Every structure is written in structure tokens, then in C-alpha cells.
Amino acid sequence: MAKRIDVSGLTAYYGSHKAIEDISMTVEPRSVTAFIGPSGCGKSTFLRTLNRMHEVTPGGRVEGKVLLDDEDLYGAGVDPVSVRREVGMVFQRPNPFPTMSIFDNVAAGLRLNGNYRKSELNDIVEKSLKGANLWNEVKDRLSKPGSGLSGGQQQRLCIARAIAVEPKVLLMDEPCSALDPISTLAIEDLIGELKERFTIVIVTHNMQQAARVSDRTAFFNLAAVGQPGRLIEIDDTERIFSNPSVQATEDYISGRFG
Amino acid sequence: MSTAAVTDKRPSTLRAASLPKWTPWAIAAGSVALGIGISAAAGLSSKIQWGLIAAVLFVLGTYGIAARVEGRRQAKDRVATSFVWVAFVVAVIPLVSLIWVTIARGVKVLDVYFLTHSMGVVADTEPGGGIYHAIIGSLEQVGLATAIGAPIGVLTAIYLVEYGRGRLAKAVTFFVDVMTGIPSIVAGLFILSLMLIFEMQPFGFAGSLALAILMMPVVVRSTEEMLKLVPNELREASLALGVPKWRTILKVVLPTSIGGITTGIMLAVARIAGETAPVLLLVFGNPFINNNPFEGAQASLPLYIYQQFANSAGSGAAYDRAWAASLTLIAFVMILNLVARGIARWKAPKTGR
């Protein structure tokens, strides 16, 4: 059920400002692809173009193609809502719905989309919470508010919420940047398990994290402040971190920049 | 031991003389006593003058005493605090005295009979009668106005926050601002002109329409602020789950802000419940019970209060009734506010484990 992503010639704008330019890459199914690069180079923007969240920002628009198993996400007549059901997303800051209990948070996607059977709901919630390695910690307090959990638990709750709707691809925008090292480790272990079922794309500022969790790594950079961000190279993670083919990548990874 | 003794002898830069905790109370009591003394000696009759003298003495006394004992910086801090307290007391005194006078004069005739009878066969100058007809009128007019004004206001705010871009949104915002400033009599005249075009007689619903006009901008403004408080992350989280925008608004944004929205609506209701001018123009007033807001003149509480004062030629019985009706109106608004707070607390985003 995981799907391949094929991006070709993608350029994204915020109003008249060009944020990223001419990006092409392929993301393999059942793998983890990490995006690294300096702040403001467009990693997050590019990630958000992959499930059409980019256009939620006022003025956001995109040129180019994103193929999800041969189907263009930006083709005529494609409904962004259906795209987002296929391509789920986890955000930088844990954002459980404050009015809902833990159970309702996980069930939110199904309930709000309306396509579920009542008898299945309990099973799906349990399965998703187990999938996010959170079940044992919350099974006795499913009716308590989700905002009462710790930051790391909240983030895993958000992952459970995202996988409950059975997406094909899971996008993660710096999912560990607000978490302590132990919670980070829990999420990284989880990513390793989830890649059996989903195609995972993760943006991270932590290069050790990229090296630990990803199969392939893409390096983004921008020529100068105000210039659009570009994809410098994408390769197997091992190669990027040992013997990258572009000098800029090696400089960034080894800390020789500026 | 010896080193401790040595350090104790050194002058500390952190410790300094400080006034005991009861000092502000003592200064307040002293300045009130002094204020009364000075005023009595100078032969000032107004209690407001006494209070002002006491307030000035309090602020100056705080500064003088604190500056002498604690130093200038602490004295400035204490003066700022005393200003806040004086401002608080000045703001609270009229409120408390208003409620006190209304209760003291209102309870005289306020009983079950008063609440359940109309003024039907009682002349305004005679004792007896009640406000049942006015309560019915107020409830129906305000209820209908809320039924019209609240949904339109909330939907307008949703448009402005969630959808509105560009010129149309700016125009709507501008007109909402303009509407906030509409005097209630103008809203009444607007509906009155429509009534004259269609040659209609006064009736309750016409008043509701004018009240709805007055209510709408207040609801829009408060709801807008509440919706803006909902973090964008929640909207994005919902959208990223593949939930359509309208459902995101309905199931995530509104529930998160429902407490604040309810409070805003209740405040708007409280505001229009006390309006007299449009009711006077459009509903006209009626000493008999009229349960139908769509036909015939009705009464309403603020209008009843006005008429008891104005039409009774100084009759004490009418004044008593007006005070009792005022008390009822204040109680009505207060109950609404309590209900709003209850809803806000019940619906507020839950925290804790």
C-alpha cells in the first residue's frame, strides 16, 4: 500500500516570492527519505507541496509535477482533500486537538471524514496507537484529554492520528525538534517500524538523525538569501554522509559553511 | 562560625529595610481618617471630595513613608501599586452603589405577584400591577433578535477569519466597524422607515430586527477575535488528515473556540436586553399581555422602566415598580452571563491528565 513519489520540475511560490525552484526527485516506497539543509532552504515548503498543504498558506502556488504512483497530484480535477487522505503529515510541534480525548484524537481522521464503521473504530484506534508505540502508556486513560500527555507522547499521538486513516505516504516535518533525546529515540524507532508499511519522508535539522533513520538523503541549499532553495543532491544516506558527489554537501555535513 | 559572623557584619547589597505587610492597609486607614478630618474641618459637604482627598493622601503617604524607609525605587513601585488600587476602588464604588441602590429600592414590590401580573387594569399612578407582560415581551424580542443576529454574526466572523481575502473582506470589516457605532435610535428609525413603507403597526418582531442589527457587529467582533485565537496548527492538522475545510471549521475550529464565542454572544444579548430607544419606536409598549411578537404592540423591561418613570406624574408606586423592573432586568442579564461562563468553562479545551 505504500506508494512511490516522482517529482519533476517542481517550483513553489508564496505570492510573488519563489521559495523553491526546479526540484526533481524520486522517493521509493517502503523507505525513509530524509531532507537536510540550512534553515530557509525550502525543505518544509517542498514537503508541504507533496500533500498540497502548501496551498493552504495564502498566496501559495506550485508549478511542476508530483506523481503518486503515476497520478499527478496537481493534475486537473484532483481534489486536494483526497490527496491529503493518501499523503498524511506529522508536524514539528505536537498538535493534538485540545477539545478531544486521546481516543477521539486518533479517531478524528476517520470520524471527520465520515467513512468508517462504528464496530471497526475501537480496533483501528487500538491498532494505530500500537503502531505508534503508545498503546501501553495510554490504554487506561483513552477518555482523558490528549493535551495532558507529555510532549513525546503527544507527538506519537499525532503519528497515531495520522496513520489511523491509512495513508500511503507519511510526511514528517521535523517531528523531533521539540522533543527530548529519549522521546526522539522512541520516534526514531517508530519510524523504523513504520517504513515497513508506509513511504516516509522526514525533514530534519539533526544530521545524526538523518544518518540513523533514513535510507536516502536529499540535501537542499540556497545560493544566497532571497534566492529560491534548490535540491543539491539526493543519494543513498551512506554515500551522502561518507562520500557525497557535491562539495557543498560535504561542507554542510562536516560543518564547513559560512 | 567565625566566618559566618564576619560575613554578617558586612553590609549586604541584597537585604534592605522593608515595611511590614500591613503597611498599605495602615496607610489607607490613616488617609481615610485624615481625609474625613480635613474635610470636616474645612466644612466640605460632598463625600466625593472626602474620598478624593483620602485617595491623594494615600498615594502621597505611600510614597513618603516608603521613600523614607525603603528607598526611592521601592517607593515608586509602591506608588504604582497604590495607583492601581485607587483606580480599582474608584471603578468599583459606582458599580457597587448602583447594584446596592437597585436592590434596596427594587425589593419593595418585587414578589411573585409582581412577576406574574401585567399592568392591564392598573393605572400607572396606582399601586399594584406587575411586569409579566414586559418580561414576556423582552424574552420574545431578545430571543428572536438573538436567533437572527447570532448566527449571521458568527457566520460573518467565520467568513472573515477562514475565507475572507482581499477587498470584499476589507469592506465587510469596515462596515462591521461602522455598524458597531450605530446609535440604537438610528437602527430603530431604519426599521421604522421600512414599517412606514409597508404601512404596518408596531409589533414585537420589528423591535427584534432593530435589536438584531445592534447585536450583529458585537457578535462578529468577538467571534472574530476568538477564531483568531485558534492555533493554525490545529487547522493544518485537520486538513492534513484529509478533512475538508468546512468540516475542519465545524468540528475543530468551532469546538475549540465555542466557549469564547458563547461568551461574546451572551454579552451582545446583555447589551440589547437593555435597549430602550428602538423598542419605544417599533414595539410601542402595551400594558396588556401580548404573547404574539408578530402582531400588536408589546411591552419590554427597559421600556416599562422608562414609562413608569415618565408617565406616572411622580407617583411613588410607579417609581417602586420601575426599580423592581430594573432589578429584574439586571438579574436577567446577570443570569445570562453566569450561564455563558458556565458554558465557556464546560466547553473549554480540556487540560490536565
# chains A, B, ... in the order shown; residues from 1 in each chain; ligands from 1
$ interface_residues --of "chain B" --to "chain A" --cutoff "12 Å" --atoms "only C-alpha atoms" --output "ChimeraX atom specification"
/B:162-166,230-259,346-353
$ residues_around --residues "Leu139 in chain B" --least-positions-apart "5" --cutoff "9 Å" --atoms "only C-alpha atoms" --output "JSON, numbers by chain"
{"B": [134, 144, 273, 300]}
$ select_by_dssp --residues "range 11-219 of chain A" --states "strand (DSSP E)" --output "CSV table (one decimal) with N, CA and C atoms, in the first residue's frame"
chain,number,residue,atom,x,y,z
A,11,THR,N,8.4,23.9,-8.8
A,11,THR,CA,8.7,25.2,-8.3
A,11,THR,C,7.6,25.7,-7.5
A,12,ALA,N,7.8,26.2,-6.3
A,12,ALA,CA,6.8,26.7,-5.4
A,12,ALA,C,6.9,28.1,-5.1
A,13,TYR,N,5.8,28.9,-5.0
A,13,TYR,CA,5.8,30.3,-4.7
A,13,TYR,C,5.0,30.6,-3.5
A,14,TYR,N,5.4,31.7,-2.8
A,14,TYR,CA,4.5,32.3,-1.8
A,14,TYR,C,4.2,33.7,-2.4
A,17,HIS,N,7.0,35.6,-4.3
A,17,HIS,CA,8.3,35.1,-3.8
A,17,HIS,C,8.5,33.6,-4.2
A,18,LYS,N,9.6,33.3,-4.9
A,18,LYS,CA,9.8,31.9,-5.3
A,18,LYS,C,10.6,31.3,-4.2
A,19,ALA,N,10.0,30.2,-3.6
A,19,ALA,CA,10.6,29.6,-2.4
A,19,ALA,C,11.5,28.5,-2.8
A,20,ILE,N,11.1,27.6,-3.7
A,20,ILE,CA,12.0,26.6,-4.2
A,20,ILE,C,11.9,26.5,-5.7
A,21,GLU,N,12.9,26.0,-6.4
A,21,GLU,CA,13.0,26.1,-7.8
A,21,GLU,C,13.4,24.8,-8.4
A,22,ASP,N,12.6,24.3,-9.4
A,22,ASP,CA,13.0,23.2,-10.3
A,22,ASP,C,13.6,22.0,-9.5
A,23,ILE,N,12.7,21.4,-8.7
A,23,ILE,CA,13.2,20.2,-7.9
A,23,ILE,C,12.6,19.0,-8.6
A,24,SER,N,13.5,18.0,-8.8
A,24,SER,CA,13.1,16.7,-9.3
A,24,SER,C,13.7,15.6,-8.4
A,25,MET,N,12.9,14.6,-8.0
A,25,MET,CA,13.5,13.5,-7.3
A,25,MET,C,12.5,12.4,-7.3
A,26,THR,N,12.9,11.2,-6.9
A,26,THR,CA,12.1,10.1,-6.7
A,26,THR,C,12.2,9.5,-5.3
A,27,VAL,N,11.0,9.3,-4.7
A,27,VAL,CA,11.0,8.7,-3.4
A,27,VAL,C,10.5,7.3,-3.5
A,32,VAL,N,12.7,5.3,3.9
A,32,VAL,CA,12.7,6.6,4.6
A,32,VAL,C,13.6,7.5,3.9
A,33,THR,N,13.1,8.7,3.4
A,33,THR,CA,13.9,9.7,2.8
A,33,THR,C,14.0,10.9,3.7
A,34,ALA,N,15.3,11.3,3.9
A,34,ALA,CA,15.4,12.5,4.8
A,34,ALA,C,15.8,13.7,4.0
A,35,PHE,N,15.3,14.9,4.4
A,35,PHE,CA,15.7,16.1,3.8
A,35,PHE,C,16.5,16.9,4.8
A,36,ILE,N,17.7,17.3,4.4
A,36,ILE,CA,18.5,18.1,5.3
A,36,ILE,C,18.9,19.4,4.5
A,60,GLY,N,0.1,30.7,-1.7
A,60,GLY,CA,1.0,29.6,-2.0
A,60,GLY,C,0.5,28.9,-3.3
A,61,ARG,N,1.4,28.7,-4.3
A,61,ARG,CA,1.1,28.0,-5.5
A,61,ARG,C,2.3,27.3,-6.0
A,62,VAL,N,2.0,26.4,-7.0
A,62,VAL,CA,3.0,25.4,-7.4
A,62,VAL,C,3.0,25.2,-8.9
A,63,GLU,N,4.2,25.1,-9.5
A,63,GLU,CA,4.3,24.7,-10.9
A,63,GLU,C,5.1,23.4,-10.9
A,64,GLY,N,4.8,22.5,-11.9
A,64,GLY,CA,5.6,21.3,-12.0
A,64,GLY,C,4.7,20.1,-11.6
A,65,LYS,N,5.3,18.9,-11.6
A,65,LYS,CA,4.5,17.7,-11.4
A,65,LYS,C,4.9,16.9,-10.2
A,66,VAL,N,3.9,16.4,-9.5
A,66,VAL,CA,4.2,15.4,-8.4
A,66,VAL,C,3.4,14.2,-8.7
A,67,LEU,N,4.1,13.1,-9.1
A,67,LEU,CA,3.3,11.9,-9.4
A,67,LEU,C,3.3,10.9,-8.2
A,68,LEU,N,2.1,10.5,-7.8
A,68,LEU,CA,2.0,9.5,-6.7
A,68,LEU,C,1.6,8.2,-7.4
A,71,GLU,N,0.0,9.1,-10.8
A,71,GLU,CA,-1.1,10.0,-10.8
A,71,GLU,C,-0.6,11.4,-10.3
A,72,ASP,N,-0.8,12.4,-11.2
A,72,ASP,CA,-0.3,13.8,-10.8
A,72,ASP,C,-1.2,14.4,-9.8
A,87,VAL,N,-1.7,11.1,1.5
A,87,VAL,CA,-0.4,11.5,2.0
A,87,VAL,C,-0.6,12.2,3.3
A,88,GLY,N,-0.3,11.5,4.4
A,88,GLY,CA,-0.5,12.1,5.7
A,88,GLY,C,0.7,12.9,6.2
A,89,MET,N,0.5,13.7,7.3
A,89,MET,CA,1.5,14.6,7.7
A,89,MET,C,1.6,14.7,9.2
A,90,VAL,N,2.9,14.7,9.7
A,90,VAL,CA,3.1,15.0,11.1
A,90,VAL,C,3.9,16.3,11.2
A,169,VAL,N,1.5,7.5,2.2
A,169,VAL,CA,2.8,8.2,2.4
A,169,VAL,C,2.7,9.0,3.7
A,170,LEU,N,3.7,9.0,4.5
A,170,LEU,CA,3.7,9.8,5.7
A,170,LEU,C,4.8,10.9,5.6
A,171,LEU,N,4.4,12.1,5.7
A,171,LEU,CA,5.4,13.2,5.7
A,171,LEU,C,5.6,13.7,7.1
A,172,MET,N,6.9,13.9,7.5
A,172,MET,CA,7.2,14.3,8.9
A,172,MET,C,8.1,15.6,8.8
A,173,ASP,N,7.5,16.7,9.4
A,173,ASP,CA,8.2,18.0,9.3
A,173,ASP,C,8.9,18.2,10.6
A,199,THR,N,5.5,4.9,2.9
A,199,THR,CA,6.6,5.6,2.4
A,199,THR,C,6.8,6.8,3.3
A,200,ILE,N,8.0,7.0,3.8
A,200,ILE,CA,8.2,8.1,4.8
A,200,ILE,C,9.2,9.1,4.3
A,201,VAL,N,8.8,10.4,4.4
A,201,VAL,CA,9.7,11.5,4.1
A,201,VAL,C,9.8,12.3,5.3
A,202,ILE,N,11.0,12.6,5.8
A,202,ILE,CA,11.2,13.3,7.0
A,202,ILE,C,12.2,14.5,6.8
A,203,VAL,N,11.8,15.7,7.3
A,203,VAL,CA,12.7,16.8,7.3
A,203,VAL,C,13.3,16.9,8.7
A,216,ARG,N,17.6,7.1,2.2
A,216,ARG,CA,18.2,8.0,1.2
A,216,ARG,C,18.1,9.4,1.8
A,217,THR,N,19.0,10.3,1.4
A,217,THR,CA,19.1,11.6,2.0
A,217,THR,C,19.2,12.6,0.8
A,218,ALA,N,18.4,13.7,1.0
A,218,ALA,CA,18.4,14.8,0.0
A,218,ALA,C,19.0,16.0,0.7
A,219,PHE,N,19.9,16.7,0.0
A,219,PHE,CA,20.5,17.9,0.6
A,219,PHE,C,20.0,19.1,-0.2
$ atom_distance --atom1 "CA of Ile272 in chain B" --atom2 "CA of Lys108 in chain B"
26.6 Å
$ closest_residue --among "A:Lys139, A:Lys168, A:Arg30, A:Lys127" --to "Glu196 in chain A" --atoms "only C-alpha atoms"
A:Arg30
$ closest_residue --among "B:Pro278, B:Gly204, B:Gly153, B:Gly64" --to "Gly264 in chain B" --atoms "only C-alpha atoms"
B:Gly153
$ decode --residues "range 7-156 of chain A" --atoms "C-alpha atoms" --output "tab-separated table (two decimals), in the first residue's frame"
chain	number	residue	atom	x	y	z
A	7	VAL	CA	8.65	14.84	-8.56
A	8	SER	CA	9.70	16.62	-11.72
A	9	GLY	CA	10.48	20.31	-12.26
A	10	LEU	CA	8.67	21.49	-9.14
A	11	THR	CA	8.72	25.22	-8.35
A	12	ALA	CA	6.76	26.68	-5.43
A	13	TYR	CA	5.82	30.29	-4.72
A	14	TYR	CA	4.49	32.32	-1.81
A	15	GLY	CA	2.76	35.10	-3.70
A	16	SER	CA	5.47	36.53	-5.92
A	17	HIS	CA	8.31	35.08	-3.84
A	18	LYS	CA	9.82	31.95	-5.33
A	19	ALA	CA	10.59	29.63	-2.41
A	20	ILE	CA	11.97	26.56	-4.22
A	21	GLU	CA	12.96	26.10	-7.83
A	22	ASP	CA	13.03	23.21	-10.25
A	23	ILE	CA	13.17	20.24	-7.91
A	24	SER	CA	13.09	16.70	-9.29
A	25	MET	CA	13.48	13.51	-7.30
A	26	THR	CA	12.07	10.06	-6.75
A	27	VAL	CA	11.03	8.70	-3.37
A	28	GLU	CA	10.90	4.92	-3.23
A	29	PRO	CA	8.01	3.13	-1.50
A	30	ARG	CA	8.70	1.49	1.89
A	31	SER	CA	11.75	3.61	2.51
A	32	VAL	CA	12.70	6.59	4.61
A	33	THR	CA	13.94	9.65	2.78
A	34	ALA	CA	15.45	12.48	4.82
A	35	PHE	CA	15.67	16.13	3.75
A	36	ILE	CA	18.53	18.10	5.25
A	37	GLY	CA	19.78	21.61	4.64
A	38	PRO	CA	20.08	25.03	6.27
A	39	SER	CA	17.03	26.93	7.58
A	40	GLY	CA	15.01	28.68	4.93
A	41	CYS	CA	16.24	26.48	2.08
A	42	GLY	CA	12.73	25.23	1.35
A	43	LYS	CA	12.76	21.71	2.81
A	44	SER	CA	9.50	22.24	4.64
A	45	THR	CA	7.94	24.05	1.70
A	46	PHE	CA	8.87	21.16	-0.59
A	47	LEU	CA	7.49	18.66	1.93
A	48	ARG	CA	4.23	20.57	2.08
A	49	THR	CA	3.89	20.54	-1.69
A	50	LEU	CA	3.83	16.73	-1.52
A	51	ASN	CA	0.35	16.67	0.04
A	52	ARG	CA	-0.84	20.05	-1.21
A	53	MET	CA	-0.64	21.67	2.23
A	54	HIS	CA	1.49	24.38	0.62
A	55	GLU	CA	-1.55	25.99	-0.95
A	56	VAL	CA	-3.25	26.35	2.44
A	57	THR	CA	-0.91	29.28	3.06
A	58	PRO	CA	-2.38	32.39	1.41
A	59	GLY	CA	-0.60	33.02	-1.87
A	60	GLY	CA	0.95	29.56	-2.03
A	61	ARG	CA	1.07	28.02	-5.51
A	62	VAL	CA	3.05	25.41	-7.36
A	63	GLU	CA	4.34	24.67	-10.86
A	64	GLY	CA	5.56	21.26	-11.96
A	65	LYS	CA	4.50	17.68	-11.40
A	66	VAL	CA	4.23	15.40	-8.38
A	67	LEU	CA	3.35	11.86	-9.38
A	68	LEU	CA	1.99	9.49	-6.75
A	69	ASP	CA	2.24	6.11	-8.49
A	70	ASP	CA	1.74	7.74	-11.91
A	71	GLU	CA	-1.09	10.01	-10.79
A	72	ASP	CA	-0.32	13.75	-10.85
A	73	LEU	CA	-1.29	15.39	-7.55
A	74	TYR	CA	-1.56	18.71	-9.33
A	75	GLY	CA	-3.46	17.38	-12.33
A	76	ALA	CA	-6.75	18.90	-13.43
A	77	GLY	CA	-9.68	17.84	-11.29
A	78	VAL	CA	-7.58	16.45	-8.45
A	79	ASP	CA	-9.16	17.21	-5.07
A	80	PRO	CA	-6.57	18.34	-2.50
A	81	VAL	CA	-8.69	16.74	0.21
A	82	SER	CA	-8.34	13.29	-1.36
A	83	VAL	CA	-4.60	13.90	-1.82
A	84	ARG	CA	-4.24	14.54	1.89
A	85	ARG	CA	-6.05	11.31	2.71
A	86	GLU	CA	-3.37	9.47	0.72
A	87	VAL	CA	-0.44	11.52	1.99
A	88	GLY	CA	-0.53	12.11	5.74
A	89	MET	CA	1.54	14.59	7.69
A	90	VAL	CA	3.11	14.98	11.15
A	91	PHE	CA	4.10	18.48	12.20
A	92	GLN	CA	7.01	20.00	14.05
A	93	ARG	CA	5.08	20.88	17.17
A	94	PRO	CA	2.76	18.20	18.56
A	95	ASN	CA	-0.76	19.45	17.84
A	96	PRO	CA	-3.41	17.13	19.29
A	97	PHE	CA	-6.95	18.56	19.14
A	98	PRO	CA	-7.44	20.17	22.55
A	99	THR	CA	-11.19	19.53	22.73
A	100	MET	CA	-10.85	15.79	22.13
A	101	SER	CA	-9.86	12.83	24.26
A	102	ILE	CA	-6.95	10.56	23.33
A	103	PHE	CA	-9.37	8.14	21.70
A	104	ASP	CA	-11.18	10.89	19.81
A	105	ASN	CA	-7.89	12.34	18.61
A	106	VAL	CA	-6.89	9.06	16.99
A	107	ALA	CA	-10.40	8.56	15.64
A	108	ALA	CA	-10.60	12.17	14.42
A	109	GLY	CA	-9.50	11.50	10.86
A	110	LEU	CA	-12.00	8.70	10.37
A	111	ARG	CA	-14.83	10.46	12.15
A	112	LEU	CA	-14.35	13.75	10.39
A	113	ASN	CA	-14.12	12.03	7.04
A	114	GLY	CA	-17.24	10.06	7.85
A	115	ASN	CA	-16.18	6.82	6.15
A	116	TYR	CA	-15.90	4.23	8.89
A	117	ARG	CA	-17.95	1.54	10.57
A	118	LYS	CA	-18.64	2.01	14.26
A	119	SER	CA	-17.63	-1.56	15.08
A	120	GLU	CA	-14.24	-1.04	13.47
A	121	LEU	CA	-13.40	2.17	15.28
A	122	ASN	CA	-12.14	0.62	18.51
A	123	ASP	CA	-9.92	-1.79	16.61
A	124	ILE	CA	-8.50	0.94	14.38
A	125	VAL	CA	-7.74	3.19	17.34
A	126	GLU	CA	-6.03	0.35	19.20
A	127	LYS	CA	-4.09	-0.68	16.12
A	128	SER	CA	-2.96	2.88	15.40
A	129	LEU	CA	-1.91	3.51	19.00
A	130	LYS	CA	0.01	0.23	18.99
A	131	GLY	CA	1.51	1.23	15.65
A	132	ALA	CA	2.70	4.47	17.26
A	133	ASN	CA	4.10	2.58	20.31
A	134	LEU	CA	1.75	4.49	22.56
A	135	TRP	CA	-0.88	1.89	23.42
A	136	ASN	CA	0.68	0.62	26.65
A	137	GLU	CA	1.09	4.13	28.01
A	138	VAL	CA	-2.45	5.35	27.35
A	139	LYS	CA	-4.70	2.29	27.23
A	140	ASP	CA	-6.07	3.03	30.71
A	141	ARG	CA	-6.90	6.65	30.02
A	142	LEU	CA	-8.22	6.78	26.48
A	143	SER	CA	-11.00	9.12	27.54
A	144	LYS	CA	-8.62	11.67	29.06
A	145	PRO	CA	-7.71	14.77	27.05
A	146	GLY	CA	-4.79	14.38	24.66
A	147	SER	CA	-3.24	17.64	25.80
A	148	GLY	CA	-2.45	16.04	29.17
A	149	LEU	CA	0.23	13.80	27.66
A	150	SER	CA	3.91	14.67	27.62
A	151	GLY	CA	5.41	16.26	24.51
A	152	GLY	CA	6.85	13.00	23.22
A	153	GLN	CA	3.61	11.14	23.87
A	154	GLN	CA	1.65	13.90	22.15
A	155	GLN	CA	3.86	13.60	19.09
A	156	ARG	CA	3.31	9.83	18.99
